[in-house]
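Text of start08.cif, listed as mmCIF, C-alpha atoms and all ligand atoms:
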```cif
data_protein
#
loop_
_atom_site.label_atom_id
_atom_site.label_comp_id
_atom_site.auth_asym_id
_atom_site.auth_seq_id
_atom_site.Cartn_x
_atom_site.Cartn_y
_atom_site.Cartn_z
CA MET A 1 -12.44 31.75 19.14
CA THR A 2 -15.07 33.28 21.34
CA SER A 3 -17.07 30.41 22.73
CA GLN A 4 -15.86 29.36 26.12
CA ASN A 5 -17.53 26.02 26.53
CA SER A 6 -16.98 24.53 23.10
CA GLY A 7 -14.47 22.07 24.50
CA GLU A 8 -16.75 20.72 27.17
CA PRO A 9 -19.26 18.56 25.37
CA ASN A 10 -20.78 16.89 28.41
CA PHE A 11 -21.22 19.99 30.45
CA ALA A 12 -25.01 20.21 30.07
CA SER A 13 -25.65 16.60 30.98
CA SER A 14 -23.25 16.44 33.87
CA GLY A 15 -26.01 16.88 36.44
CA THR A 16 -27.96 13.81 35.41
CA GLY A 17 -25.33 11.08 35.45
CA SER A 18 -24.40 8.92 38.39
CA ALA A 19 -21.59 10.37 40.38
CA SER A 20 -19.72 7.22 41.25
CA GLY A 21 -16.60 5.82 39.66
CA SER A 22 -16.66 7.17 36.09
CA GLY A 23 -13.48 9.21 36.16
CA SER A 24 -10.77 6.70 35.39
CA ILE A 25 -12.67 5.09 32.50
CA SER A 26 -13.11 8.22 30.44
CA SER A 27 -9.59 9.42 31.03
CA SER A 28 -8.03 6.20 29.73
CA GLN A 29 -10.32 6.21 26.69
CA ASN A 30 -8.99 9.63 25.78
CA ASP A 31 -5.34 8.65 25.48
CA ASN A 32 -5.22 7.62 21.82
CA ALA A 33 -7.36 10.36 20.38
CA SER A 34 -5.96 13.09 22.61
CA PRO A 35 -2.20 12.62 22.92
CA LEU A 36 -1.58 16.00 24.56
CA TRP A 37 -2.93 14.67 27.86
CA ASN A 38 0.51 13.03 28.13
CA TYR A 39 2.11 16.47 28.55
CA VAL A 40 0.06 17.48 31.60
CA THR A 41 -0.58 15.87 34.95
CA LYS A 42 -4.23 15.32 35.80
CA LEU A 43 -4.88 16.48 39.35
CA GLU A 44 -8.57 16.02 39.99
CA LYS A 45 -11.69 15.64 37.92
CA LYS A 46 -14.02 18.59 38.05
CA GLU A 47 -17.26 16.84 37.17
CA ALA A 48 -18.39 13.24 37.41
CA ILE A 49 -19.11 13.05 33.67
CA GLY A 50 -17.12 14.81 30.98
CA GLY A 51 -13.47 15.47 30.43
CA THR A 52 -12.88 18.53 32.58
CA TRP A 53 -9.91 18.31 34.88
CA ASN A 54 -7.65 20.41 37.03
CA PHE A 55 -4.30 19.76 35.42
CA ARG A 56 -0.69 20.83 35.90
CA CYS A 57 1.36 21.57 32.78
CA ASN A 58 4.50 19.42 32.69
CA ILE A 59 6.32 22.08 30.71
CA CYS A 60 5.70 25.28 32.67
CA GLY A 61 4.45 23.70 35.91
CA GLU A 62 1.37 25.93 36.20
CA THR A 63 -2.03 24.61 37.18
CA ARG A 64 -5.05 25.18 34.93
CA SER A 65 -8.45 23.62 34.54
CA GLY A 66 -10.55 22.59 31.58
CA SER A 67 -11.16 19.94 28.98
CA TYR A 68 -8.82 18.67 26.27
CA THR A 69 -9.52 21.75 24.15
CA ARG A 70 -7.98 23.90 26.86
CA VAL A 71 -5.05 21.53 27.33
CA LYS A 72 -4.40 21.87 23.61
CA ALA A 73 -4.76 25.66 23.65
CA HIS A 74 -2.38 25.93 26.60
CA LEU A 75 0.33 23.61 25.26
CA LEU A 76 0.23 24.76 21.64
CA GLN A 77 0.03 28.41 22.73
CA ILE A 78 -3.24 29.09 20.90
CA SER A 79 -4.54 32.33 22.38
CA GLY A 80 -8.29 32.91 22.76
CA GLY A 81 -8.88 29.33 23.88
CA GLY A 82 -10.31 30.34 27.25
CA VAL A 83 -7.09 29.46 29.07
CA ALA A 84 -3.73 31.14 29.63
CA ILE A 85 -1.16 29.89 27.13
CA CYS A 86 2.02 28.13 28.20
CA LYS A 87 4.79 30.60 28.89
CA LYS A 88 7.58 28.20 28.04
CA GLU A 89 8.32 27.59 24.40
CA SER A 90 8.44 23.87 23.82
CA SER A 91 9.12 21.54 20.93
CA LEU A 92 5.37 20.84 20.91
CA SER A 93 4.40 24.41 20.05
CA LYS A 94 7.39 24.87 17.74
CA GLY A 95 6.45 21.77 15.78
CA PHE A 96 2.81 22.83 15.65
CA TYR A 97 3.61 26.25 14.22
CA PHE A 98 6.20 24.86 11.83
CA CYS A 99 3.53 22.58 10.34
CA CYS A 100 0.94 25.39 10.24
CA ASN A 101 3.24 27.84 8.47
CA SER A 102 5.21 25.66 6.10
CA ARG A 103 2.16 24.49 4.06
CA HIS A 104 4.25 21.45 3.21
CA SER A 105 6.43 23.53 0.92
CA ARG A 106 9.46 21.93 2.50
CA LEU A 107 8.24 18.42 1.83
CA CYS A 108 10.03 17.46 -1.38
CA ALA A 109 9.03 14.62 -3.64
CA PRO A 110 11.69 11.90 -3.76
CA GLY A 111 14.24 12.43 -6.52
CA TYR A 112 15.00 10.36 -9.60
CA ASN A 113 17.74 8.34 -7.94
CA LYS A 114 15.76 7.42 -4.85
CA LEU A 115 12.78 6.42 -7.01
CA ARG A 116 14.79 4.14 -9.27
CA THR A 117 16.76 2.49 -6.47
CA SER A 118 15.54 2.06 -2.92
CA LEU A 119 11.89 3.06 -3.43
CA LEU A 120 11.54 0.85 -6.49
CA LEU A 121 13.02 -2.11 -4.61
CA GLN A 122 10.73 -1.44 -1.65
CA GLU A 123 7.69 -1.39 -3.90
CA LYS A 124 8.82 -4.53 -5.70
CA SER A 125 9.14 -6.44 -2.46
CA ASN A 126 5.74 -5.10 -1.42
CA VAL A 127 4.15 -6.42 -4.63
CA ASP A 128 5.96 -9.74 -4.14
CA LYS A 129 4.46 -9.95 -0.68
CA LEU A 130 0.96 -9.30 -2.05
CA LEU A 131 1.39 -12.01 -4.71
CA GLN A 132 2.67 -14.58 -2.26
CA PRO A 133 -0.81 -16.10 -1.56
CA ILE A 134 -1.20 -16.91 -5.29
CA LYS A 135 2.32 -18.31 -5.59
CA ALA A 136 1.70 -20.52 -2.58
CA THR A 137 -1.00 -22.43 -4.50
CA TRP A 138 1.10 -23.07 -7.60
CA GLN A 139 2.53 -26.35 -6.43
CA GLU A 140 -0.88 -27.70 -5.52
CA LYS A 141 -2.89 -26.43 -8.51
CA GLY A 142 -0.30 -26.30 -11.29
CA VAL A 143 0.63 -23.36 -13.47
CA THR A 144 0.01 -22.52 -17.11
CA ILE A 145 2.51 -20.17 -18.70
CA VAL A 146 0.86 -17.94 -21.28
CA CYS A 147 2.95 -15.86 -23.63
CA ASP A 148 2.09 -13.48 -26.41
CA GLY A 149 3.82 -10.92 -28.60
CA TRP A 150 2.83 -7.24 -28.67
CA SER A 151 4.14 -3.90 -29.81
CA ASP A 152 4.32 -1.10 -27.24
CA PRO A 153 3.21 2.47 -28.12
CA THR A 154 6.67 3.22 -29.59
CA ARG A 155 6.38 0.14 -31.83
CA LYS A 156 8.99 -1.80 -29.84
CA PRO A 157 8.24 -5.53 -29.96
CA LEU A 158 7.44 -7.05 -26.57
CA ILE A 159 6.85 -10.62 -25.52
CA ASN A 160 4.93 -10.91 -22.28
CA PHE A 161 4.65 -13.84 -19.94
CA MET A 162 1.80 -14.59 -17.53
CA ALA A 163 1.40 -17.40 -15.05
CA THR A 164 -2.19 -18.53 -14.60
CA SER A 165 -3.50 -21.04 -12.14
CA GLY A 166 -6.77 -21.80 -10.35
CA SER A 167 -6.02 -18.89 -8.02
CA GLY A 168 -5.79 -16.34 -10.82
CA PRO A 169 -3.43 -14.93 -13.43
CA MET A 170 -0.20 -13.16 -12.58
CA PHE A 171 1.96 -11.00 -14.82
CA LEU A 172 5.53 -12.30 -14.79
CA LYS A 173 7.48 -10.13 -17.19
CA ALA A 174 7.64 -8.46 -20.57
CA VAL A 175 10.79 -8.82 -22.63
CA ASN A 176 11.88 -6.13 -25.06
CA CYS A 177 13.06 -8.05 -28.11
CA PHE A 178 13.94 -5.07 -30.26
CA GLY A 179 16.63 -6.07 -32.75
CA GLU A 180 16.31 -9.79 -31.99
CA VAL A 181 15.41 -12.47 -34.51
CA LYS A 182 12.27 -14.04 -33.07
CA ASP A 183 12.90 -17.58 -34.19
CA LYS A 184 11.91 -20.71 -32.27
CA PHE A 185 15.24 -20.91 -30.42
CA PHE A 186 15.02 -17.33 -29.15
CA ILE A 187 11.44 -17.86 -27.91
CA ALA A 188 12.23 -21.27 -26.43
CA ASN A 189 15.11 -19.69 -24.50
CA LEU A 190 12.83 -17.03 -23.01
CA MET A 191 10.30 -19.69 -22.10
CA LYS A 192 12.94 -21.78 -20.41
CA GLU A 193 13.99 -18.82 -18.25
CA VAL A 194 10.40 -18.26 -17.19
CA ILE A 195 9.78 -21.95 -16.51
CA ASP A 196 12.88 -22.09 -14.31
CA GLU A 197 11.75 -18.96 -12.43
CA VAL A 198 8.34 -20.47 -11.72
CA GLY A 199 9.84 -23.89 -11.00
CA HIS A 200 9.48 -26.48 -13.78
CA GLN A 201 7.84 -28.96 -11.41
CA ASN A 202 4.93 -26.49 -10.99
CA VAL A 203 4.34 -25.96 -14.70
CA VAL A 204 1.70 -28.05 -16.47
CA GLN A 205 1.54 -26.44 -19.90
CA ILE A 206 2.54 -23.44 -21.97
CA ILE A 207 0.09 -21.64 -24.23
CA THR A 208 1.27 -19.52 -27.15
CA ASP A 209 -0.28 -18.44 -30.40
CA ASN A 210 -0.04 -20.82 -33.31
CA ALA A 211 2.58 -19.00 -35.37
CA SER A 212 5.23 -21.36 -36.70
CA ASN A 213 8.06 -19.96 -34.53
CA CYS A 214 5.95 -20.38 -31.37
CA LYS A 215 4.95 -23.88 -32.41
CA GLY A 216 8.64 -24.73 -32.89
CA ALA A 217 9.50 -23.24 -29.50
CA GLY A 218 6.72 -25.32 -27.92
CA GLU A 219 8.22 -28.47 -29.41
CA ILE A 220 11.66 -27.59 -28.03
CA ILE A 221 10.16 -27.06 -24.56
CA GLU A 222 8.26 -30.37 -24.76
CA SER A 223 11.49 -32.17 -25.54
CA MET A 224 13.31 -30.43 -22.66
CA TYR A 225 10.58 -31.03 -20.06
CA PRO A 226 8.59 -34.21 -20.82
CA HIS A 227 5.88 -33.30 -18.27
CA ILE A 228 5.08 -29.92 -19.88
CA TYR A 229 2.62 -29.68 -22.76
CA TRP A 230 2.49 -27.02 -25.43
CA THR A 231 -1.02 -25.86 -26.33
CA PRO A 232 -1.77 -23.48 -29.20
CA CYS A 233 -4.15 -20.62 -28.47
CA VAL A 234 -7.57 -21.65 -29.82
CA VAL A 235 -8.59 -18.11 -30.77
CA HIS A 236 -5.43 -17.56 -32.79
CA THR A 237 -5.79 -20.95 -34.47
CA LEU A 238 -9.36 -20.17 -35.51
CA ASN A 239 -8.22 -16.75 -36.66
CA LEU A 240 -5.56 -18.30 -38.91
CA ALA A 241 -8.01 -20.90 -40.22
CA LEU A 242 -10.64 -18.26 -41.09
CA LYS A 243 -8.00 -16.11 -42.77
CA ASN A 244 -7.02 -19.06 -44.95
CA ILE A 245 -10.62 -19.85 -45.81
CA CYS A 246 -11.39 -16.22 -46.69
CA SER A 247 -8.29 -15.77 -48.83
CA ALA A 248 -8.96 -18.95 -50.81
ZN ZN B 1 2.47 25.21 30.37
#
```
Starting from the coordinates I provided, produce the structure as structure tokens.
Ligand SMILES: [Zn+2]
Amino acid sequence: MTSQNSGEPNFASSGTGSASGSGSISSSQNDNASPLWNYVTKLEKKEAIGGTWNFRCNICGETRSGSYTRVKAHLLQISGGGVAICKKESSLSKGFYFCCNSRHSRLCAPGYNKLRTSLLLQEKSNVDKLLQPIKATWQEKGVTIVCDGWSDPTRKPLINFMATSGSGPMFLKAVNCFGEVKDKFFIANLMKEVIDEVGHQNVVQIITDNASNCKGAGEIIESMYPHIYWTPCVVHTLNLALKNICSA
């Protein structure tokens, strides 16, 4: 901290600018980027161009002069800044040194309970908000419910549900069906829940693979909701057909 003029960027050019009426503009521009100006009172501008002022400290009441760098050095009690430091200890300087010394060691990550309760709910509502533009088009464009069965890395059977429309696909949920008998009634029940969540009037069709239990579930859904069609997945159908041909 040896240079004296480092905080006065316009010092060299101050002789060439026009001398009239530039003071109030530059001071108001400074307010967002240099909040510490709010803790001193500007008395008079020292040069027509640049940010050098005579200022009075609102904390200790003493008058100093300089640019924002010196205001900062005075208020935050940084010695070697080319200006006498503030003699009164304030919450400004305390806060500054607390942040400098703590190295964030006192900032703790949120615990298990906060993560699984309030933070999880907050994030869920945030995701809901982000998905709202897609949901808003469902009524107009119609929704296809797509469902498929998977096993997760621990071999637990999952059935996932997606809602796709002209605006894009959206993951709805994955159901853990460990220990369940995956017959057509079980699958049809899950589908009904999803259809009611989306709103049955928005749903045009459901697409599943062409296994017999899914086909049966599709028929149950078609009988429950006459306006919803069941469509077997073409890729899975071809897959089954080729398997049959090859095994023959
Ligand atoms: Zn002061």
Subject >> Non-local contacts of stretch 154-160 of chain A (10 Å; all atoms listed in the file; under 4 positions in same chain excluded) as a ChimeraX atom specification >> reply: /A:146-150,171-180,182,187,190
Please produce, as JSON lines, a per-residue contact table for chain A versus ligand ZN 1 (chain B) (criterion: any atom at most 10 Å away, all atoms listed in the file considered), showing the nearest atom pair and its distance in Å to one decimal, sorted by chain then residue number.
```
{"residue": "A:Tyr39", "atom": "CA", "partner": "B:ZN1", "partner_atom": "ZN", "distance": 8.9}
{"residue": "A:Val40", "atom": "CA", "partner": "B:ZN1", "partner_atom": "ZN", "distance": 8.2}
{"residue": "A:Arg56", "atom": "CA", "partner": "B:ZN1", "partner_atom": "ZN", "distance": 7.7}
{"residue": "A:Cys57", "atom": "CA", "partner": "B:ZN1", "partner_atom": "ZN", "distance": 4.5}
{"residue": "A:Asn58", "atom": "CA", "partner": "B:ZN1", "partner_atom": "ZN", "distance": 6.6}
{"residue": "A:Ile59", "atom": "CA", "partner": "B:ZN1", "partner_atom": "ZN", "distance": 5.0}
{"residue": "A:Cys60", "atom": "CA", "partner": "B:ZN1", "partner_atom": "ZN", "distance": 4.0}
{"residue": "A:Gly61", "atom": "CA", "partner": "B:ZN1", "partner_atom": "ZN", "distance": 6.1}
{"residue": "A:Glu62", "atom": "CA", "partner": "B:ZN1", "partner_atom": "ZN", "distance": 6.0}
{"residue": "A:Thr63", "atom": "CA", "partner": "B:ZN1", "partner_atom": "ZN", "distance": 8.2}
{"residue": "A:Arg64", "atom": "CA", "partner": "B:ZN1", "partner_atom": "ZN", "distance": 8.8}
{"residue": "A:Val71", "atom": "CA", "partner": "B:ZN1", "partner_atom": "ZN", "distance": 8.9}
{"residue": "A:Ala73", "atom": "CA", "partner": "B:ZN1", "partner_atom": "ZN", "distance": 9.9}
{"residue": "A:His74", "atom": "CA", "partner": "B:ZN1", "partner_atom": "ZN", "distance": 6.2}
{"residue": "A:Leu75", "atom": "CA", "partner": "B:ZN1", "partner_atom": "ZN", "distance": 5.8}
{"residue": "A:Leu76", "atom": "CA", "partner": "B:ZN1", "partner_atom": "ZN", "distance": 9.0}
{"residue": "A:Gln77", "atom": "CA", "partner": "B:ZN1", "partner_atom": "ZN", "distance": 8.6}
{"residue": "A:Ala84", "atom": "CA", "partner": "B:ZN1", "partner_atom": "ZN", "distance": 8.6}
{"residue": "A:Ile85", "atom": "CA", "partner": "B:ZN1", "partner_atom": "ZN", "distance": 6.8}
{"residue": "A:Cys86", "atom": "CA", "partner": "B:ZN1", "partner_atom": "ZN", "distance": 3.7}
{"residue": "A:Lys87", "atom": "CA", "partner": "B:ZN1", "partner_atom": "ZN", "distance": 6.1}
{"residue": "A:Lys88", "atom": "CA", "partner": "B:ZN1", "partner_atom": "ZN", "distance": 6.4}
{"residue": "A:Glu89", "atom": "CA", "partner": "B:ZN1", "partner_atom": "ZN", "distance": 8.7}
{"residue": "A:Ser90", "atom": "CA", "partner": "B:ZN1", "partner_atom": "ZN", "distance": 9.0}
```
Original post:
Counting all atoms listed in the file, which of A:Ser212, A:Ser118, A:Asn244, A:Asn113 gets nearest to A:Asp183?
Top reply: A:Ser212
Subject >> Counting all atoms listed in the file, the option among A:Gln122, A:Thr69, A:Arg116, A:Ile221 closest to A:Gly51 >> reply: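 Between A:Gln122, A:Thr69, A:Arg116, A:Ile221, the residue approaching A:Gly51 most closely is A:Thr69.
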Subject >> All residues 9 Å or closer to A:Cys214, only C-alpha atoms, same chain fewer than 2 positions away omitted, as a PyMOL selection string >> reply: chain A and resi 183-184+187-188+208-212+216-219+232
**OP:** Could you please determine the separation between atom CA of A:Gly168 and atom CA of A:Leu130 in Å, to one decimal place?
**Re:**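 Distance reported for this atom pair: 13.1 Å.
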**OP:** Would you list the contacts of A:Ile228 as a list of chain:residue names, taking every protein, DNA or RNA residue within 12 Å and counting only C-alpha atoms, but skipping same-chain residues closer than 2 positions in sequence?
**Re:**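 Counting only the stated atoms, we get A:Gly142, A:Val143, A:Thr144, A:Ile145, A:Met191, A:Lys192, A:Ile195, A:Gly199, A:His200, A:Gln201, A:Asn202, A:Val203, A:Val204, A:Gln205, A:Ile206, A:Ile207, A:Gly218, A:Glu219, A:Ile220, A:Ile221, A:Glu222, A:Ser223, A:Met224, A:Tyr225, A:Pro226, A:Trp230, A:Thr231.
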Original post:
What is the atom CA of A:Tyr97 to atom CA of A:Pro110 distance in Å?
Top reply: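 We find that atom CA of A:Tyr97 and atom CA of A:Pro110 lie 24.4 Å from each other.
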Original post:
Interatomic distance between atom CA of A:Thr137 and atom CA of A:Glu123?
Top reply: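 Atom CA of A:Thr137 sits 22.8 Å away from atom CA of A:Glu123.
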Subject >> Distance query A:Lys46 at most 10 Å, only C-alpha atoms, self and fewer than 3 positions along chain excluded, as a list in words >> reply: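 Skipping anything fewer than 3 positions along the chain leaves Gly23, Leu43, Ile49, Gly50, Gly51, Thr52, Trp53, Asn54, Ser65, Gly66 and Ser67 of chain A.
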Subject >> Residue with smallest distance to A:Ala163 - pool A:Leu131, A:Asn189, A:Leu121, A:Ser151, counting only C-alpha atoms >> reply: A:Leu131
